[in-house]
Amino acid sequence: MRCQNVRIGCAATAVVRRNNPNELVEVKPHSPTCLPADNMVDLQPFRAALRNAVATNMRPLRDLYDEVAVLFPQQALMMPFPSFRSYMRQWQRDSMNALDPDDYLRIFQHRNTC
């Protein structure tokens, strides 16, 4: 069995043995960020806001993360910048691939002059 909070990064597992079906044996403990179901925080709005910020702005990723983190403080505590950096880089690459080559050149030149 797996923790119901697996989507927020909890890798806890447990087993029920055949000889004692009333006992739940913990195999791997819950992560420190794992919250009980009644206190669970949904990370999807935070992630969507980050993705939108990265796709629509060509500013440093840390600045974008900090701006979105102000809007979602609980989620930012659970998922700090280093855990999102690689996702943000990928989202940025994906958004650049969707641009017209002339737009890309203009953005690149603007970034180098700032």
# chains A, B, ... in the order shown; residues from 1 in each chain; ligands from 1
>>> select_by_dssp(residues="segment 5-106 of chain A", states="alpha helix (DSSP H)", output="mmCIF file with N, CA, C and O atoms, in the first residue's frame")
data_model
loop_
_atom_site.group_PDB
_atom_site.id
_atom_site.type_symbol
_atom_site.label_atom_id
_atom_site.label_comp_id
_atom_site.auth_asym_id
_atom_site.auth_seq_id
_atom_site.Cartn_x
_atom_site.Cartn_y
_atom_site.Cartn_z
ATOM 1 N N GLN A 44 -1.371 21.728 -7.223
ATOM 2 C CA GLN A 44 -1.654 21.968 -8.638
ATOM 3 C C GLN A 44 -1.816 23.454 -8.981
ATOM 4 O O GLN A 44 -1.269 23.899 -9.992
ATOM 5 N N PRO A 45 -2.550 24.256 -8.202
ATOM 6 C CA PRO A 45 -2.650 25.679 -8.560
ATOM 7 C C PRO A 45 -1.291 26.389 -8.539
ATOM 8 O O PRO A 45 -1.013 27.231 -9.388
ATOM 9 N N PHE A 46 -0.453 26.024 -7.576
ATOM 10 C CA PHE A 46 0.887 26.608 -7.485
ATOM 11 C C PHE A 46 1.714 26.240 -8.713
ATOM 12 O O PHE A 46 2.338 27.093 -9.346
ATOM 13 N N ARG A 47 1.674 24.981 -9.066
ATOM 14 C CA ARG A 47 2.421 24.502 -10.234
ATOM 15 C C ARG A 47 1.916 25.155 -11.531
ATOM 16 O O ARG A 47 2.701 25.556 -12.385
ATOM 17 N N ALA A 48 0.599 25.281 -11.662
ATOM 18 C CA ALA A 48 0.025 25.913 -12.854
ATOM 19 C C ALA A 48 0.411 27.391 -12.944
ATOM 20 O O ALA A 48 0.726 27.895 -14.029
ATOM 21 N N ALA A 49 0.408 28.072 -11.806
ATOM 22 C CA ALA A 49 0.797 29.490 -11.798
ATOM 23 C C ALA A 49 2.270 29.652 -12.163
ATOM 24 O O ALA A 49 2.637 30.576 -12.901
ATOM 25 N N LEU A 50 3.114 28.754 -11.667
ATOM 26 C CA LEU A 50 4.536 28.796 -12.027
ATOM 27 C C LEU A 50 4.731 28.563 -13.526
ATOM 28 O O LEU A 50 5.486 29.279 -14.179
ATOM 29 N N ARG A 51 4.035 27.572 -14.033
ATOM 30 C CA ARG A 51 4.170 27.253 -15.460
ATOM 31 C C ARG A 51 3.727 28.421 -16.326
ATOM 32 O O ARG A 51 4.388 28.767 -17.311
ATOM 33 N N ASN A 52 2.635 29.056 -15.946
ATOM 34 C CA ASN A 52 2.146 30.212 -16.694
ATOM 35 C C ASN A 52 3.135 31.369 -16.608
ATOM 36 O O ASN A 52 3.399 32.037 -17.610
ATOM 37 N N ALA A 53 3.688 31.617 -15.434
ATOM 38 C CA ALA A 53 4.657 32.708 -15.270
ATOM 39 C C ALA A 53 5.900 32.475 -16.124
ATOM 40 O O ALA A 53 6.406 33.396 -16.764
ATOM 41 N N VAL A 54 6.370 31.251 -16.152
ATOM 42 C CA VAL A 54 7.568 30.926 -16.936
ATOM 43 C C VAL A 54 7.288 31.045 -18.436
ATOM 44 O O VAL A 54 8.116 31.545 -19.190
ATOM 45 N N ALA A 55 6.110 30.625 -18.849
ATOM 46 C CA ALA A 55 5.784 30.652 -20.280
ATOM 47 C C ALA A 55 5.542 32.064 -20.799
ATOM 48 O O ALA A 55 5.721 32.323 -21.983
ATOM 49 N N THR A 56 5.150 32.986 -19.919
ATOM 50 C CA THR A 56 4.801 34.323 -20.375
ATOM 51 C C THR A 56 5.826 35.391 -20.015
ATOM 52 O O THR A 56 5.666 36.534 -20.419
ATOM 53 N N LEU A 61 14.402 32.707 -13.459
ATOM 54 C CA LEU A 61 13.460 31.760 -12.878
ATOM 55 C C LEU A 61 13.252 31.983 -11.388
ATOM 56 O O LEU A 61 12.141 31.850 -10.895
ATOM 57 N N ARG A 62 14.303 32.327 -10.684
ATOM 58 C CA ARG A 62 14.172 32.546 -9.236
ATOM 59 C C ARG A 62 13.224 33.712 -8.948
ATOM 60 O O ARG A 62 12.417 33.654 -8.019
ATOM 61 N N ASP A 63 13.308 34.776 -9.743
ATOM 62 C CA ASP A 63 12.411 35.922 -9.559
ATOM 63 C C ASP A 63 10.955 35.518 -9.786
ATOM 64 O O ASP A 63 10.062 35.916 -9.029
ATOM 65 N N LEU A 64 10.723 34.738 -10.830
ATOM 66 C CA LEU A 64 9.365 34.272 -11.118
ATOM 67 C C LEU A 64 8.836 33.394 -9.991
ATOM 68 O O LEU A 64 7.693 33.529 -9.557
ATOM 69 N N TYR A 65 9.688 32.486 -9.499
ATOM 70 C CA TYR A 65 9.280 31.610 -8.402
ATOM 71 C C TYR A 65 8.911 32.440 -7.170
ATOM 72 O O TYR A 65 7.884 32.192 -6.528
ATOM 73 N N ASP A 66 9.738 33.416 -6.831
ATOM 74 C CA ASP A 66 9.483 34.239 -5.644
ATOM 75 C C ASP A 66 8.163 34.996 -5.751
ATOM 76 O O ASP A 66 7.432 35.121 -4.772
ATOM 77 N N GLU A 67 7.846 35.502 -6.937
ATOM 78 C CA GLU A 67 6.583 36.220 -7.132
ATOM 79 C C GLU A 67 5.379 35.297 -6.947
ATOM 80 O O GLU A 67 4.394 35.659 -6.310
ATOM 81 N N VAL A 68 5.451 34.104 -7.501
ATOM 82 C CA VAL A 68 4.339 33.156 -7.370
ATOM 83 C C VAL A 68 4.262 32.614 -5.943
ATOM 84 O O VAL A 68 3.173 32.394 -5.412
ATOM 85 N N ALA A 69 5.405 32.444 -5.294
ATOM 86 C CA ALA A 69 5.436 31.927 -3.924
ATOM 87 C C ALA A 69 4.722 32.860 -2.951
ATOM 88 O O ALA A 69 4.154 32.402 -1.959
ATOM 89 N N VAL A 70 4.739 34.146 -3.231
ATOM 90 C CA VAL A 70 4.018 35.099 -2.374
ATOM 91 C C VAL A 70 2.514 34.826 -2.433
ATOM 92 O O VAL A 70 1.814 34.959 -1.426
ATOM 93 N N LEU A 71 2.029 34.393 -3.577
ATOM 94 C CA LEU A 71 0.602 34.110 -3.742
ATOM 95 C C LEU A 71 0.206 32.763 -3.148
ATOM 96 O O LEU A 71 -0.957 32.550 -2.796
ATOM 97 N N PRO A 73 1.857 30.745 -0.297
ATOM 98 C CA PRO A 73 2.909 30.533 0.712
ATOM 99 C C PRO A 73 2.989 29.109 1.251
ATOM 100 O O PRO A 73 4.091 28.597 1.473
ATOM 101 N N GLN A 74 1.856 28.445 1.468
ATOM 102 C CA GLN A 74 1.898 27.073 1.997
ATOM 103 C C GLN A 74 2.548 26.118 1.003
ATOM 104 O O GLN A 74 3.374 25.286 1.367
ATOM 105 N N GLN A 75 2.176 26.251 -0.254
ATOM 106 C CA GLN A 75 2.741 25.373 -1.275
ATOM 107 C C GLN A 75 4.230 25.647 -1.468
ATOM 108 O O GLN A 75 5.012 24.729 -1.696
ATOM 109 N N ALA A 76 4.621 26.915 -1.368
ATOM 110 C CA ALA A 76 6.035 27.262 -1.535
ATOM 111 C C ALA A 76 6.883 26.656 -0.418
ATOM 112 O O ALA A 76 8.033 26.270 -0.649
ATOM 113 N N LEU A 77 6.331 26.559 0.776
ATOM 114 C CA LEU A 77 7.069 25.928 1.874
ATOM 115 C C LEU A 77 7.283 24.442 1.615
ATOM 116 O O LEU A 77 8.320 23.882 1.966
ATOM 117 N N MET A 78 6.304 23.815 0.995
ATOM 118 C CA MET A 78 6.402 22.380 0.723
ATOM 119 C C MET A 78 7.271 22.068 -0.485
ATOM 120 O O MET A 78 7.869 21.000 -0.555
ATOM 121 N N PHE A 81 12.249 26.327 -4.233
ATOM 122 C CA PHE A 81 12.736 26.597 -5.576
ATOM 123 C C PHE A 81 13.609 25.484 -6.163
ATOM 124 O O PHE A 81 13.400 25.090 -7.311
ATOM 125 N N PRO A 82 14.584 24.940 -5.418
ATOM 126 C CA PRO A 82 15.427 23.885 -6.033
ATOM 127 C C PRO A 82 14.630 22.690 -6.540
ATOM 128 O O PRO A 82 15.018 22.063 -7.524
ATOM 129 N N SER A 83 13.501 22.392 -5.920
ATOM 130 C CA SER A 83 12.714 21.243 -6.375
ATOM 131 C C SER A 83 11.931 21.551 -7.654
ATOM 132 O O SER A 83 11.482 20.639 -8.341
ATOM 133 N N PHE A 84 11.753 22.816 -7.987
ATOM 134 C CA PHE A 84 11.028 23.197 -9.197
ATOM 135 C C PHE A 84 11.940 23.698 -10.315
ATOM 136 O O PHE A 84 11.497 23.890 -11.434
ATOM 137 N N ARG A 85 13.214 23.929 -10.019
ATOM 138 C CA ARG A 85 14.108 24.541 -11.005
ATOM 139 C C ARG A 85 14.136 23.776 -12.325
ATOM 140 O O ARG A 85 13.994 24.361 -13.402
ATOM 141 N N SER A 86 14.292 22.459 -12.274
ATOM 142 C CA SER A 86 14.394 21.689 -13.523
ATOM 143 C C SER A 86 13.080 21.726 -14.302
ATOM 144 O O SER A 86 13.081 21.810 -15.534
ATOM 145 N N TYR A 87 11.937 21.679 -13.585
ATOM 146 C CA TYR A 87 10.647 21.798 -14.268
ATOM 147 C C TYR A 87 10.530 23.159 -14.946
ATOM 148 O O TYR A 87 10.082 23.258 -16.095
ATOM 149 N N MET A 88 10.933 24.196 -14.236
ATOM 150 C CA MET A 88 10.814 25.540 -14.784
ATOM 151 C C MET A 88 11.691 25.719 -16.019
ATOM 152 O O MET A 88 11.287 26.363 -16.979
ATOM 153 N N ARG A 89 12.876 25.139 -15.992
ATOM 154 C CA ARG A 89 13.740 25.210 -17.179
ATOM 155 C C ARG A 89 13.087 24.516 -18.369
ATOM 156 O O ARG A 89 13.132 25.008 -19.500
ATOM 157 N N GLN A 90 12.494 23.359 -18.123
ATOM 158 C CA GLN A 90 11.828 22.627 -19.201
ATOM 159 C C GLN A 90 10.640 23.418 -19.731
ATOM 160 O O GLN A 90 10.431 23.508 -20.944
ATOM 161 N N TRP A 91 9.842 23.998 -18.849
ATOM 162 C CA TRP A 91 8.698 24.804 -19.286
ATOM 163 C C TRP A 91 9.173 25.994 -20.113
ATOM 164 O O TRP A 91 8.546 26.363 -21.096
ATOM 165 N N GLN A 92 10.307 26.573 -19.713
ATOM 166 C CA GLN A 92 10.846 27.707 -20.457
ATOM 167 C C GLN A 92 11.286 27.269 -21.853
ATOM 168 O O GLN A 92 11.005 27.936 -22.841
ATOM 169 N N ARG A 93 11.964 26.126 -21.934
ATOM 170 C CA ARG A 93 12.374 25.602 -23.256
ATOM 171 C C ARG A 93 11.160 25.316 -24.121
ATOM 172 O O ARG A 93 11.144 25.627 -25.311
ATOM 173 N N ASP A 94 10.123 24.714 -23.522
ATOM 174 C CA ASP A 94 8.910 24.405 -24.283
ATOM 175 C C ASP A 94 8.249 25.668 -24.811
ATOM 176 O O ASP A 94 7.777 25.702 -25.948
ATOM 177 N N SER A 95 8.217 26.712 -23.999
ATOM 178 C CA SER A 95 7.575 27.954 -24.449
ATOM 179 C C SER A 95 8.411 28.640 -25.525
ATOM 180 O O SER A 95 7.878 29.264 -26.429
ATOM 181 N N MET A 96 9.741 28.511 -25.460
ATOM 182 C CA MET A 96 10.601 29.109 -26.484
ATOM 183 C C MET A 96 10.448 28.366 -27.806
ATOM 184 O O MET A 96 10.513 28.974 -28.869
ATOM 185 N N ASN A 97 10.246 27.059 -27.756
ATOM 186 C CA ASN A 97 10.062 26.282 -28.983
ATOM 187 C C ASN A 97 8.773 26.654 -29.688
ATOM 188 O O ASN A 97 8.653 26.494 -30.896
ATOM 189 N N PRO A 101 10.511 32.329 -34.851
ATOM 190 C CA PRO A 101 11.953 32.611 -34.773
ATOM 191 C C PRO A 101 12.285 34.090 -34.601
ATOM 192 O O PRO A 101 13.229 34.435 -33.898
ATOM 193 N N ASP A 102 11.518 34.984 -35.211
ATOM 194 C CA ASP A 102 11.778 36.417 -35.052
ATOM 195 C C ASP A 102 11.513 36.868 -33.617
ATOM 196 O O ASP A 102 12.243 37.692 -33.065
ATOM 197 N N ASP A 103 10.451 36.347 -33.007
ATOM 198 C CA ASP A 103 10.162 36.674 -31.606
ATOM 199 C C ASP A 103 11.272 36.173 -30.699
ATOM 200 O O ASP A 103 11.687 36.855 -29.766
ATOM 201 N N TYR A 104 11.752 34.969 -30.966
ATOM 202 C CA TYR A 104 12.830 34.390 -30.164
ATOM 203 C C TYR A 104 14.069 35.268 -30.233
ATOM 204 O O TYR A 104 14.691 35.565 -29.210
ATOM 205 N N LEU A 105 14.433 35.715 -31.419
ATOM 206 C CA LEU A 105 15.607 36.562 -31.593
ATOM 207 C C LEU A 105 15.442 37.871 -30.832
ATOM 208 O O LEU A 105 16.358 38.329 -30.145
ATOM 209 N N ARG A 106 14.262 38.463 -30.911
ATOM 210 C CA ARG A 106 13.999 39.730 -30.223
ATOM 211 C C ARG A 106 14.092 39.556 -28.693
ATOM 212 O O ARG A 106 14.703 40.360 -27.997
#
>>> closest_residue(among="A:Met1, A:Met79, A:Ala14, A:Met58", to="Thr33 of chain A", atoms="only C-alpha atoms")
A:Met79
>>> atom_distance(atom1="atom CA of Thr13 of chain A", atom2="atom CA of Pro32 of chain A")
14.3 Å
>>> closest_residue(among="A:Pro29, A:Pro60, A:Glu23, A:Arg18", to="Arg2 of chain A", atoms="only C-alpha atoms")
A:Pro29
>>> atom_distance(atom1="atom CA of Cys3 of chain A", atom2="atom CA of Cys34 of chain A")
8.9 Å
